[in-house]
Amino acid sequence: MHKGHLAALTFTVMFGFSYMASKIALAHVSPIGLVAYRYLFAFITIELFRRTGLFHLNVRRPKGWTIGLVVLFQPFLYSVFSTFGLNLITSSEAVMMVALVPVLSGLLSAFFLRERPSLRQWLFTFISISGILYIQVSLQTVDSTSQPLGFLFMFLAVMSGAIYNVTSRKASKTVQPSELTYYMMLFGAISLNALYLGELIQAQTLPSYVTNLTSLSLLVPVLFLGIFATVVAFFMLNYALSVLPAHRVSIYANLVTVIGIFAGYVLLNESLYSFHIIGSMLIVIGVYGTVIKPKVQSPIPH
C-alpha cells in the first residue's frame, strides 16, 4: 500500500474512535474544557517527542499567511464547532456529518489548487455521499433526542475541516508535515486553554482545572484524544496531504463515519439500525472506488 494511503487509513481509525472518546469525556467536562485538555496533552506529547529526538522536528518561526489559516481552521474552529455539536447530538450522527468534508474539500481544491478529480472519482464520491444522505434521511423516521443546533455546529465544523484540508495541502509545499503538526498543537494548546481558563474564572471554579483530571473517566479519554487522536492522527493526516491530492485524502473522512457508528453502537450502546449498515456499505464502496486506481492492462506483444 502507498505510504500516503497507509497514513490516511491510520488517521481515519484514530478520528473514528475520537468521537466515542469525546462523548464519554463530555459527561464530565464542558466542550471548551474537553478540547483544552485534549490539545494541552497533545502539545506536551509532541514537545516531548521533539526534545527527546523521537521525532525530528525542524521547528522554525512560521512565515506566511497559509500556516495561520491552517491553525485557525484546525484545530481551533473545527475543534470548537465539532465539540459543541457533539454535545447536542449522538456520536454516530456527528461522524455522519463529518463525512460531508470530502464534497466541500473537492470543490475547494478544484477551485484553489486546480486538483480536479476525475469523472470516476466524482462518481464514487457521489456513491459515498449518497450513503451519508440515506442515513441522514432515515434518521428522521426514528425517535431522537438530538437538537438541530448540534447539526448546525457540525456543519460549521465540516466547513472548517474542508478549508483546513486545502490550506494544509498548500502549506505542505513549504512546511514539513511534522513542523505543521507542531504549530497546530501549540496554537491549540494556547488558544483553547486560554478560553477554558476564562470560562472557569467566570464560573469561579478555577481549581477544577486540575481536580477534573483526577477522574479516570475523564483522564483516559482525554489522553487518547490528546496523544493518539491528535498528535499521531494529525501527523499522519499532514503527511498524507503532503503526498496525495487533497480530494483523495479527504475521502477517507467517510470511513470515519463507519468506524464512529460502530464504536458508538458497541461501546456507547447507541442505536444501530439497518439503514446505518446499508449507508455504511455505500460509504465503503465510495471510498474504495475513489482511492484505488484502476489497473492498466499491458499491451499484447506483437
# chains A, B, ... in the order shown; residues from 1 in each chain; ligands from 1
>>> residues_around(residues="Ser105 of chain A", least_positions_apart="2", cutoff="12 Å", atoms="only C-alpha atoms", output="VMD selection string")
chain A and resid 98 to 103 107 to 117 125 158 to 169 241 245 to 253
>>> residues_around(residues="segment 177-185 of chain A", least_positions_apart="3", cutoff="7 Å", atoms="only C-alpha atoms", output="list in words")
Tyr39, Ala42, Phe43, Ile46, Leu57, Asn58, Val59, Val71, Pro75, Ser172, Gly188, Ala189, Phe234, Phe235, Asn238 and Tyr239 of chain A
>>> closest_residue(among="A:Val35, A:Trp122, A:Phe17, A:Ala94", to="Leu77 of chain A", atoms="only C-alpha atoms")
A:Val35
>>> closest_residue(among="A:Pro207, A:Gly198, A:Gly85, A:Gly226", to="Lys23 of chain A", atoms="only C-alpha atoms")
A:Gly85
>>> closest_residue(among="A:Gly16, A:Gly53, A:Gly150, A:Gly68", to="Gly264 of chain A", atoms="only C-alpha atoms")
A:Gly16
>>> residues_around(residues="segment 133-137 of chain A", least_positions_apart="6", cutoff="8 Å", atoms="only C-alpha atoms", output="JSON, numbers by chain")
{"A": [93, 96, 275, 276, 279]}
>>> write_last_selection(atoms="C-alpha atoms", output="short mmCIF file (atom, residue, chain, number, x, y, z; two decimals), in the first residue's frame")
data_model
loop_
_atom_site.label_atom_id
_atom_site.label_comp_id
_atom_site.auth_asym_id
_atom_site.auth_seq_id
_atom_site.Cartn_x
_atom_site.Cartn_y
_atom_site.Cartn_z
CA GLU A 93 -24.78 11.47 13.91
CA MET A 96 -22.11 11.21 9.61
CA PHE A 275 -30.11 1.95 7.37
CA HIS A 276 -26.82 2.54 9.24
CA GLY A 279 -25.43 3.53 4.30
#
>>> select_by_dssp(residues="segment 62-283 of chain A", states="alpha helix (DSSP H)", output="ChimeraX atom specification")
/A:65-71,78-86,91-98,101-112,119-139,148-171,177-203,208-211,216-223,233-243,246-250,253-268,274-283
>>> residues_around(residues="Leu219 of chain A", least_positions_apart="2", cutoff="12 Å", atoms="only C-alpha atoms", output="list of chain:residue names")
A:Ala21, A:Ser22, A:Ile24, A:Ala25, A:Leu26, A:His28, A:Val29, A:Leu34, A:Tyr37, A:Arg38, A:Phe41, A:Val210, A:Thr211, A:Asn212, A:Leu213, A:Thr214, A:Ser215, A:Leu216, A:Ser217, A:Pro221, A:Val222, A:Leu223, A:Phe224, A:Leu225, A:Gly226, A:Ile227
>>> write_last_selection(atoms="N, CA and C atoms", output="PDB file, in the first residue's frame")
ATOM      1  N   ALA A  21     -14.727   8.687  22.266  1.00  0.00           N
ATOM      2  CA  ALA A  21     -13.981   9.146  23.437  1.00  0.00           C
ATOM      3  C   ALA A  21     -14.455  10.532  23.868  1.00  0.00           C
ATOM      4  N   SER A  22     -14.739  11.395  22.900  1.00  0.00           N
ATOM      5  CA  SER A  22     -15.220  12.741  23.222  1.00  0.00           C
ATOM      6  C   SER A  22     -16.577  12.689  23.913  1.00  0.00           C
ATOM      7  N   ILE A  24     -17.756  10.344  25.766  1.00  0.00           N
ATOM      8  CA  ILE A  24     -17.552   9.886  27.144  1.00  0.00           C
ATOM      9  C   ILE A  24     -17.049  11.030  28.014  1.00  0.00           C
ATOM     10  N   ALA A  25     -16.074  11.780  27.500  1.00  0.00           N
ATOM     11  CA  ALA A  25     -15.470  12.862  28.275  1.00  0.00           C
ATOM     12  C   ALA A  25     -16.443  14.002  28.529  1.00  0.00           C
ATOM     13  N   LEU A  26     -17.359  14.248  27.584  1.00  0.00           N
ATOM     14  CA  LEU A  26     -18.297  15.360  27.727  1.00  0.00           C
ATOM     15  C   LEU A  26     -19.281  15.166  28.876  1.00  0.00           C
ATOM     16  N   HIS A  28     -18.257  14.708  31.744  1.00  0.00           N
ATOM     17  CA  HIS A  28     -17.508  15.156  32.918  1.00  0.00           C
ATOM     18  C   HIS A  28     -16.934  16.561  32.783  1.00  0.00           C
ATOM     19  N   VAL A  29     -16.987  17.140  31.594  1.00  0.00           N
ATOM     20  CA  VAL A  29     -16.370  18.446  31.390  1.00  0.00           C
ATOM     21  C   VAL A  29     -17.103  19.177  30.267  1.00  0.00           C
ATOM     22  N   LEU A  34     -12.992  20.159  27.269  1.00  0.00           N
ATOM     23  CA  LEU A  34     -12.525  18.944  26.607  1.00  0.00           C
ATOM     24  C   LEU A  34     -11.439  19.248  25.576  1.00  0.00           C
ATOM     25  N   TYR A  37      -8.094  20.427  27.295  1.00  0.00           N
ATOM     26  CA  TYR A  37      -7.281  19.321  27.814  1.00  0.00           C
ATOM     27  C   TYR A  37      -6.670  18.510  26.668  1.00  0.00           C
ATOM     28  N   ARG A  38      -7.473  18.300  25.637  1.00  0.00           N
ATOM     29  CA  ARG A  38      -7.002  17.492  24.502  1.00  0.00           C
ATOM     30  C   ARG A  38      -5.734  18.093  23.893  1.00  0.00           C
ATOM     31  N   PHE A  41      -2.534  18.105  26.350  1.00  0.00           N
ATOM     32  CA  PHE A  41      -1.789  16.854  26.351  1.00  0.00           C
ATOM     33  C   PHE A  41      -1.127  16.600  24.999  1.00  0.00           C
ATOM     34  N   VAL A 210      -7.493  21.525  37.585  1.00  0.00           N
ATOM     35  CA  VAL A 210      -6.601  20.439  37.997  1.00  0.00           C
ATOM     36  C   VAL A 210      -7.395  19.256  38.540  1.00  0.00           C
ATOM     37  N   THR A 211      -8.367  19.519  39.383  1.00  0.00           N
ATOM     38  CA  THR A 211      -9.100  18.434  40.028  1.00  0.00           C
ATOM     39  C   THR A 211      -9.915  17.595  39.047  1.00  0.00           C
ATOM     40  N   ASN A 212     -10.314  18.169  37.922  1.00  0.00           N
ATOM     41  CA  ASN A 212     -11.051  17.403  36.922  1.00  0.00           C
ATOM     42  C   ASN A 212     -10.273  16.162  36.469  1.00  0.00           C
ATOM     43  N   LEU A 213      -8.958  16.307  36.390  1.00  0.00           N
ATOM     44  CA  LEU A 213      -8.127  15.243  35.838  1.00  0.00           C
ATOM     45  C   LEU A 213      -7.868  14.116  36.832  1.00  0.00           C
ATOM     46  N   THR A 214      -8.399  14.228  38.042  1.00  0.00           N
ATOM     47  CA  THR A 214      -8.270  13.125  38.996  1.00  0.00           C
ATOM     48  C   THR A 214      -9.274  12.021  38.703  1.00  0.00           C
ATOM     49  N   SER A 215     -10.227  12.304  37.824  1.00  0.00           N
ATOM     50  CA  SER A 215     -11.235  11.304  37.450  1.00  0.00           C
ATOM     51  C   SER A 215     -10.736  10.508  36.237  1.00  0.00           C
ATOM     52  N   LEU A 216     -10.604   9.201  36.391  1.00  0.00           N
ATOM     53  CA  LEU A 216     -10.147   8.356  35.282  1.00  0.00           C
ATOM     54  C   LEU A 216     -11.150   8.362  34.130  1.00  0.00           C
ATOM     55  N   SER A 217     -12.419   8.569  34.448  1.00  0.00           N
ATOM     56  CA  SER A 217     -13.451   8.607  33.409  1.00  0.00           C
ATOM     57  C   SER A 217     -13.226   9.760  32.442  1.00  0.00           C
ATOM     58  N   PRO A 221     -10.074   9.054  28.357  1.00  0.00           N
ATOM     59  CA  PRO A 221     -10.430   9.519  27.008  1.00  0.00           C
ATOM     60  C   PRO A 221      -9.657  10.757  26.571  1.00  0.00           C
ATOM     61  N   VAL A 222      -9.327  11.649  27.513  1.00  0.00           N
ATOM     62  CA  VAL A 222      -8.570  12.847  27.159  1.00  0.00           C
ATOM     63  C   VAL A 222      -7.158  12.473  26.706  1.00  0.00           C
ATOM     64  N   LEU A 223      -6.533  11.514  27.374  1.00  0.00           N
ATOM     65  CA  LEU A 223      -5.197  11.061  26.964  1.00  0.00           C
ATOM     66  C   LEU A 223      -5.241  10.422  25.578  1.00  0.00           C
ATOM     67  N   PHE A 224      -6.265   9.622  25.320  1.00  0.00           N
ATOM     68  CA  PHE A 224      -6.412   9.036  23.983  1.00  0.00           C
ATOM     69  C   PHE A 224      -6.583  10.127  22.938  1.00  0.00           C
ATOM     70  N   LEU A 225      -7.434  11.096  23.249  1.00  0.00           N
ATOM     71  CA  LEU A 225      -7.691  12.180  22.305  1.00  0.00           C
ATOM     72  C   LEU A 225      -6.437  13.018  22.077  1.00  0.00           C
ATOM     73  N   GLY A 226      -5.716  13.328  23.156  1.00  0.00           N
ATOM     74  CA  GLY A 226      -4.563  14.194  23.039  1.00  0.00           C
ATOM     75  C   GLY A 226      -3.380  13.561  22.335  1.00  0.00           C
ATOM     76  N   ILE A 227      -3.107  12.296  22.656  1.00  0.00           N
ATOM     77  CA  ILE A 227      -1.915  11.633  22.108  1.00  0.00           C
ATOM     78  C   ILE A 227      -2.208  10.973  20.761  1.00  0.00           C
TER      79      ILE A 227
END
>>> closest_residue(among="A:Leu218, A:Val70, A:Met154, A:Ala8", to="Val243 of chain A", atoms="only C-alpha atoms")
A:Ala8
>>> closest_residue(among="A:Val231, A:Leu86, A:Ala194, A:Leu152", to="Met20 of chain A", atoms="only C-alpha atoms")
A:Leu86
>>> closest_residue(among="A:Leu206, A:Val80, A:Leu268, A:Val175", to="Ala36 of chain A", atoms="only C-alpha atoms")
A:Val80
>>> residues_around(residues="Ala263 of chain A", least_positions_apart="2", cutoff="12 Å", atoms="only C-alpha atoms", output="PyMOL selection string")
chain A and resi 13-24+90-92+95+256-261+265-272
>>> atom_distance(atom1="atom CA of Ile44 of chain A", atom2="atom CA of Met236 of chain A")
18.1 Å
>>> atom_distance(atom1="atom CA of Leu195 of chain A", atom2="atom CA of Trp65 of chain A")
23.3 Å
>>> decode(residues="segment 71-188 of chain A", atoms="C-alpha atoms", output="compact mmCIF listing (two decimals), in the first residue's frame")
# COMPACT_ATOMS: atom_id res chain seq x y z
CA VAL A 71 -4.08 26.58 12.64
CA LEU A 72 -7.16 28.82 12.69
CA PHE A 73 -9.43 26.28 10.99
CA GLN A 74 -7.76 23.22 12.52
CA PRO A 75 -7.51 22.85 15.46
CA PHE A 76 -9.31 25.97 16.68
CA LEU A 77 -12.56 26.40 14.73
CA TYR A 78 -13.04 22.73 13.85
CA SER A 79 -12.46 21.59 17.44
CA VAL A 80 -14.78 24.18 18.97
CA PHE A 81 -17.63 23.66 16.50
CA SER A 82 -17.41 19.85 16.45
CA THR A 83 -17.25 19.51 20.24
CA PHE A 84 -20.23 21.81 20.81
CA GLY A 85 -22.09 19.89 18.12
CA LEU A 86 -21.18 16.53 19.64
CA ASN A 87 -22.58 17.72 22.95
CA LEU A 88 -26.02 18.13 21.33
CA ILE A 89 -26.22 15.08 19.04
CA THR A 90 -25.08 11.46 19.18
CA SER A 91 -21.54 10.45 18.22
CA SER A 92 -22.94 8.45 15.29
CA GLU A 93 -24.78 11.47 13.91
CA ALA A 94 -21.70 13.63 14.39
CA VAL A 95 -19.45 11.39 12.32
CA MET A 96 -22.11 11.21 9.61
CA MET A 97 -21.88 14.98 9.27
CA VAL A 98 -18.08 14.83 9.12
CA ALA A 99 -18.32 12.65 6.03
CA LEU A 100 -19.52 15.71 4.12
CA VAL A 101 -15.97 17.13 4.29
CA PRO A 102 -14.86 15.42 1.02
CA VAL A 103 -17.55 17.18 -1.02
CA LEU A 104 -16.51 20.64 0.15
CA SER A 105 -12.81 19.73 0.01
CA GLY A 106 -13.17 18.56 -3.58
CA LEU A 107 -14.88 21.78 -4.60
CA LEU A 108 -12.37 23.98 -2.80
CA SER A 109 -9.31 22.08 -4.02
CA ALA A 110 -10.59 22.17 -7.59
CA PHE A 111 -11.04 25.92 -7.36
CA PHE A 112 -7.94 26.94 -5.37
CA LEU A 113 -5.41 24.15 -6.04
CA ARG A 114 -6.56 23.09 -9.53
CA GLU A 115 -6.59 19.45 -8.38
CA ARG A 116 -9.56 18.33 -10.40
CA PRO A 117 -10.93 14.86 -9.54
CA SER A 118 -11.62 12.54 -12.46
CA LEU A 119 -15.15 11.67 -13.53
CA ARG A 120 -14.68 8.22 -11.99
CA GLN A 121 -13.64 9.75 -8.66
CA TRP A 122 -16.65 12.09 -8.68
CA LEU A 123 -18.90 9.10 -9.36
CA PHE A 124 -17.61 7.13 -6.38
CA THR A 125 -17.68 10.27 -4.23
CA PHE A 126 -21.37 10.59 -5.12
CA ILE A 127 -21.93 6.95 -4.11
CA SER A 128 -20.23 7.58 -0.78
CA ILE A 129 -22.17 10.77 -0.11
CA SER A 130 -25.42 9.03 -1.07
CA GLY A 131 -24.76 6.68 1.85
CA ILE A 132 -24.49 9.69 4.16
CA LEU A 133 -27.69 11.22 2.83
CA TYR A 134 -29.54 7.91 3.09
CA ILE A 135 -28.59 7.59 6.76
CA GLN A 136 -29.45 11.21 7.46
CA VAL A 137 -32.90 10.96 5.87
CA SER A 138 -33.61 7.61 7.54
CA LEU A 139 -32.80 9.10 10.95
CA GLN A 140 -35.90 11.26 10.64
CA THR A 141 -38.07 8.14 10.88
CA VAL A 142 -36.87 7.17 14.37
CA ASP A 143 -37.01 8.86 17.76
CA SER A 144 -34.01 11.08 18.50
CA THR A 145 -33.02 13.42 21.32
CA SER A 146 -30.58 15.32 19.13
CA GLN A 147 -31.01 19.08 18.79
CA PRO A 148 -30.96 20.97 15.46
CA LEU A 149 -28.34 23.38 16.82
CA GLY A 150 -25.97 20.43 17.12
CA PHE A 151 -26.23 19.75 13.38
CA LEU A 152 -25.55 23.44 12.68
CA PHE A 153 -22.39 23.32 14.77
CA MET A 154 -21.29 20.15 12.97
CA PHE A 155 -21.88 21.77 9.58
CA LEU A 156 -19.65 24.68 10.62
CA ALA A 157 -17.06 22.09 11.70
CA VAL A 158 -17.36 20.43 8.28
CA MET A 159 -16.72 23.77 6.58
CA SER A 160 -13.69 24.35 8.79
CA GLY A 161 -12.36 20.86 8.04
CA ALA A 162 -12.69 21.35 4.30
CA ILE A 163 -10.85 24.67 4.37
CA TYR A 164 -8.17 23.09 6.55
CA ASN A 165 -7.63 20.27 4.03
CA VAL A 166 -6.99 22.75 1.24
CA THR A 167 -4.83 25.19 3.22
CA SER A 168 -2.77 22.34 4.69
CA ARG A 169 -2.13 20.99 1.21
CA LYS A 170 -0.90 24.42 0.13
CA ALA A 171 1.22 24.88 3.27
CA SER A 172 2.86 21.48 2.75
CA LYS A 173 4.71 22.94 -0.24
CA THR A 174 6.94 24.94 2.11
CA VAL A 175 6.48 23.33 5.55
CA GLN A 176 7.26 19.77 6.66
CA PRO A 177 4.29 17.72 8.00
CA SER A 178 5.92 17.36 11.43
CA GLU A 179 6.53 21.10 11.63
CA LEU A 180 2.96 21.91 10.64
CA THR A 181 1.63 19.46 13.23
CA TYR A 182 3.73 21.15 15.90
CA TYR A 183 2.30 24.58 15.05
CA MET A 184 -1.23 23.16 15.25
CA MET A 185 -0.67 21.60 18.68
CA LEU A 186 1.00 24.76 20.04
CA PHE A 187 -1.73 27.11 18.83
CA GLY A 188 -4.47 24.74 20.00
